[in-house]
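What follows is a set of notes on a single structure, which appears directly below.
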Amino acid sequence: MTDKPSLRERQAPLKERYETDPESARLTFTIESRTPTHDDPTRVRIGTAGAPGVEWRVGAHPYAGGDGDLACSGDLLLASLAACQEITVRMVAAAMGVELQELDVTVEGDMDFRGTMGIDAETPVGFSAIRTKIRIGADVAPDRLERLAKRAEKYCVVGATLRQSPEMTLEFEAAPAANGSK
């Protein structure tokens with residue numbers, strides 16, 4: 001049985017290609033709705049074009065009228081940040097030769113549902129604050145852990161995206177119903 005190549009070995013050809021051909025590093029992620037028509041507006045199915053068999057079932061939060069038996073979109077947003085932060089810490093640690101004995105990531109988000117429920121026009125829709133707490137255990141000097149933490153914060157894609165607020169567009173197309181009803 002052959003050993004799996006190290007992270008550095010897997011990334012080396014990618015880095016070389018991206019340096020010589022910057023366009024090859026660009027990718028558009030596509031997430032799409034896969035929800036069949038049904039009577040419950042609080043439940044959806046979402047999938048990714050990058051992994052055709054992967055699908056997430058998502059429900060409205062109980063504070064917005066959901067049943068509470070599925071993760072809500074806010075959970076997925078915070079989970080994306082937690083997953084990205086943990087993966088980034090682990091990858092940076094591997095690149096730095098730091099062996100982690102412990103890694104815990106907790107993400108919390110504050111939201112006032114009066115905004116999303118349309119109760120108070122002055123209340124913002126969405127999270128007003130997001131906090132990430134990372135606890136790392138490793139047998140290395142504190143300055144190396146500090147460098148690891150700074151690099152992980154810098155290279156976490158989801159964290160950087162939330163801090164930078166990318167340009168967002170929405171195209172809404174009204175299509176006639178398939179059965180011809182109005």
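Convention: chains lettered A, B, ... in structure tokens order; per-chain residue numbering from 1; ligands numbered from 1 as shown.
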
List as JSON lines every residue of segment 16-100 of chain A that is in contact with segment 111-129 of chain A, defined as an atom at most 12 Å from one of its atoms (using only C-alpha atoms), together with the nearest atom pair and the distance in Å rounded to one decimal, sorted by chain and then rising number.
{"residue": "A:Ala60", "atom": "CA", "partner": "A:Thr116", "partner_atom": "CA", "distance": 11.3}
{"residue": "A:His61", "atom": "CA", "partner": "A:Phe113", "partner_atom": "CA", "distance": 9.8}
{"residue": "A:Pro62", "atom": "CA", "partner": "A:Phe113", "partner_atom": "CA", "distance": 10.3}
{"residue": "A:Tyr63", "atom": "CA", "partner": "A:Phe113", "partner_atom": "CA", "distance": 6.8}
{"residue": "A:Ala64", "atom": "CA", "partner": "A:Met117", "partner_atom": "CA", "distance": 6.8}
{"residue": "A:Gly65", "atom": "CA", "partner": "A:Met117", "partner_atom": "CA", "distance": 9.6}
{"residue": "A:Ser73", "atom": "CA", "partner": "A:Gly126", "partner_atom": "CA", "distance": 10.6}
{"residue": "A:Gly74", "atom": "CA", "partner": "A:Gly126", "partner_atom": "CA", "distance": 8.3}
{"residue": "A:Asp75", "atom": "CA", "partner": "A:Phe127", "partner_atom": "CA", "distance": 11.1}
{"residue": "A:Leu77", "atom": "CA", "partner": "A:Phe127", "partner_atom": "CA", "distance": 10.1}
{"residue": "A:Leu78", "atom": "CA", "partner": "A:Phe127", "partner_atom": "CA", "distance": 10.0}

Atoms kept (C-alpha atoms) for selection, written as a tab-separated table (two decimals), in the first residue's frame:
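Saved as result-v4.tsv:
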chain	number	residue	atom	x	y	z
A	60	ALA	CA	-36.33	27.45	7.92
A	61	HIS	CA	-35.24	28.16	11.49
A	62	PRO	CA	-37.94	27.69	14.14
A	63	TYR	CA	-37.74	31.46	14.86
A	64	ALA	CA	-38.93	31.93	11.25
A	65	GLY	CA	-41.63	29.24	11.33
A	73	SER	CA	-29.36	28.56	5.96
A	74	GLY	CA	-27.80	30.53	8.83
A	75	ASP	CA	-26.47	27.26	10.27
A	77	LEU	CA	-23.30	29.85	6.62
A	78	LEU	CA	-21.73	29.50	10.07

According to DSSP computed on the backbone, where in chain A is there alpha helix (DSSP H)? Give the residues as a ChimeraX atom specification.
/A:7-20,73-96,113-116,142-155,157-164

Mind running segment 62-94 of chain A against segment 100-109 of chain A at 12 Å and telling me each contacting residue's nearest atom pair with the distance in Å (one decimal), counting only C-alpha atoms, chain and number ascending, as a tab-separated table?
residue	atom	partner	partner_atom	distance
A:Gly74	CA	A:Gly109	CA	8.4
A:Asp75	CA	A:Gly109	CA	9.0
A:Leu76	CA	A:Val107	CA	11.2
A:Leu77	CA	A:Gly109	CA	9.6
A:Leu78	CA	A:Val107	CA	6.2
A:Ala79	CA	A:Val107	CA	7.6
A:Ser80	CA	A:Val107	CA	9.7
A:Leu81	CA	A:Val107	CA	7.4
A:Ala82	CA	A:Val107	CA	6.0
A:Ala83	CA	A:Val105	CA	8.4
A:Cys84	CA	A:Val105	CA	10.1
A:Gln85	CA	A:Val105	CA	7.6
A:Glu86	CA	A:Val105	CA	6.5
A:Ile87	CA	A:Val105	CA	10.2
A:Thr88	CA	A:Val105	CA	11.3
A:Val89	CA	A:Leu103	CA	8.6
A:Arg90	CA	A:Leu100	CA	7.8
A:Met91	CA	A:Leu100	CA	10.7
A:Val92	CA	A:Leu100	CA	10.7
A:Ala93	CA	A:Leu100	CA	7.3
A:Ala94	CA	A:Leu100	CA	8.7

Would you mind writing down, as a PyMOL selection string, each residue of segment 55-121 of chain A that DSSP on the backbone assigns to strand (DSSP E or B)?
chain A and resi 55-59+100-111

Taking C-alpha atoms for each residue, export the selection above as a short mmCIF file (atom, residue, chain, number, x, y, z; two decimals), in the first residue's frame.
data_model
loop_
_atom_site.label_atom_id
_atom_site.label_comp_id
_atom_site.auth_asym_id
_atom_site.auth_seq_id
_atom_site.Cartn_x
_atom_site.Cartn_y
_atom_site.Cartn_z
CA GLU A 55 -27.25 17.38 -1.59
CA TRP A 56 -28.16 19.35 1.52
CA ARG A 57 -31.64 19.39 3.01
CA VAL A 58 -32.28 22.76 4.62
CA GLY A 59 -35.21 24.11 6.58
CA LEU A 100 -1.78 19.43 16.18
CA GLN A 101 -2.78 17.51 19.27
CA GLU A 102 -6.04 19.41 19.65
CA LEU A 103 -8.15 21.71 17.49
CA ASP A 104 -11.60 23.01 18.37
CA VAL A 105 -13.46 25.57 16.28
CA THR A 106 -16.64 27.27 17.47
CA VAL A 107 -18.57 29.83 15.43
CA GLU A 108 -21.40 31.90 16.89
CA GLY A 109 -23.66 34.35 15.08
CA ASP A 110 -26.08 36.92 16.50
CA MET A 111 -29.30 37.59 14.62
#

Which neighbours of Arg144 of chain A fall inside 12 Å, counting only C-alpha atoms, when residues of the same chain fewer than 4 positions from it are skipped, and could you give them as a CSV table (one decimal) with N, CA and C atoms, in the first residue's frame?
chain,number,residue,atom,x,y,z
A,92,VAL,N,-2.5,24.8,7.1
A,92,VAL,CA,-1.4,25.7,7.4
A,92,VAL,C,-0.5,25.0,8.4
A,93,ALA,N,-1.0,24.3,9.4
A,93,ALA,CA,-0.2,23.5,10.4
A,93,ALA,C,0.6,22.5,9.6
A,96,MET,N,3.5,24.1,7.9
A,96,MET,CA,4.5,24.6,8.8
A,96,MET,C,5.2,23.5,9.6
A,97,GLY,N,4.7,22.2,9.4
A,97,GLY,CA,5.3,21.1,10.1
A,97,GLY,C,4.9,21.1,11.6
A,98,VAL,N,3.7,21.7,11.9
A,98,VAL,CA,3.2,21.7,13.2
A,98,VAL,C,2.2,20.5,13.4
A,99,GLU,N,2.5,19.7,14.3
A,99,GLU,CA,1.6,18.5,14.6
A,99,GLU,C,0.5,19.0,15.7
A,136,ILE,N,-6.2,25.7,19.9
A,136,ILE,CA,-5.2,24.9,19.3
A,136,ILE,C,-4.3,24.3,20.4
A,137,GLY,N,-4.1,23.0,20.3
A,137,GLY,CA,-3.1,22.4,21.2
A,137,GLY,C,-2.0,21.8,20.3
A,138,ALA,N,-0.8,22.3,20.5
A,138,ALA,CA,0.4,21.8,19.8
A,138,ALA,C,1.6,22.0,20.7
A,139,ASP,N,2.6,21.1,20.5
A,139,ASP,CA,3.8,21.2,21.3
A,139,ASP,C,4.9,22.0,20.5
A,140,VAL,N,4.6,23.3,20.3
A,140,VAL,CA,5.5,24.2,19.6
A,140,VAL,C,5.5,25.5,20.4
A,148,LEU,N,0.9,30.6,12.8
A,148,LEU,CA,-0.1,29.7,12.3
A,148,LEU,C,-1.5,30.4,12.3
A,149,ALA,N,-1.9,31.0,13.5
A,149,ALA,CA,-3.2,31.6,13.6
A,149,ALA,C,-3.3,32.7,12.6
A,150,LYS,N,-2.3,33.6,12.4
A,150,LYS,CA,-2.4,34.7,11.5
A,150,LYS,C,-2.6,34.2,10.0
A,151,ARG,N,-1.8,33.2,9.7
A,151,ARG,CA,-1.9,32.6,8.3
A,151,ARG,C,-3.3,32.0,8.1
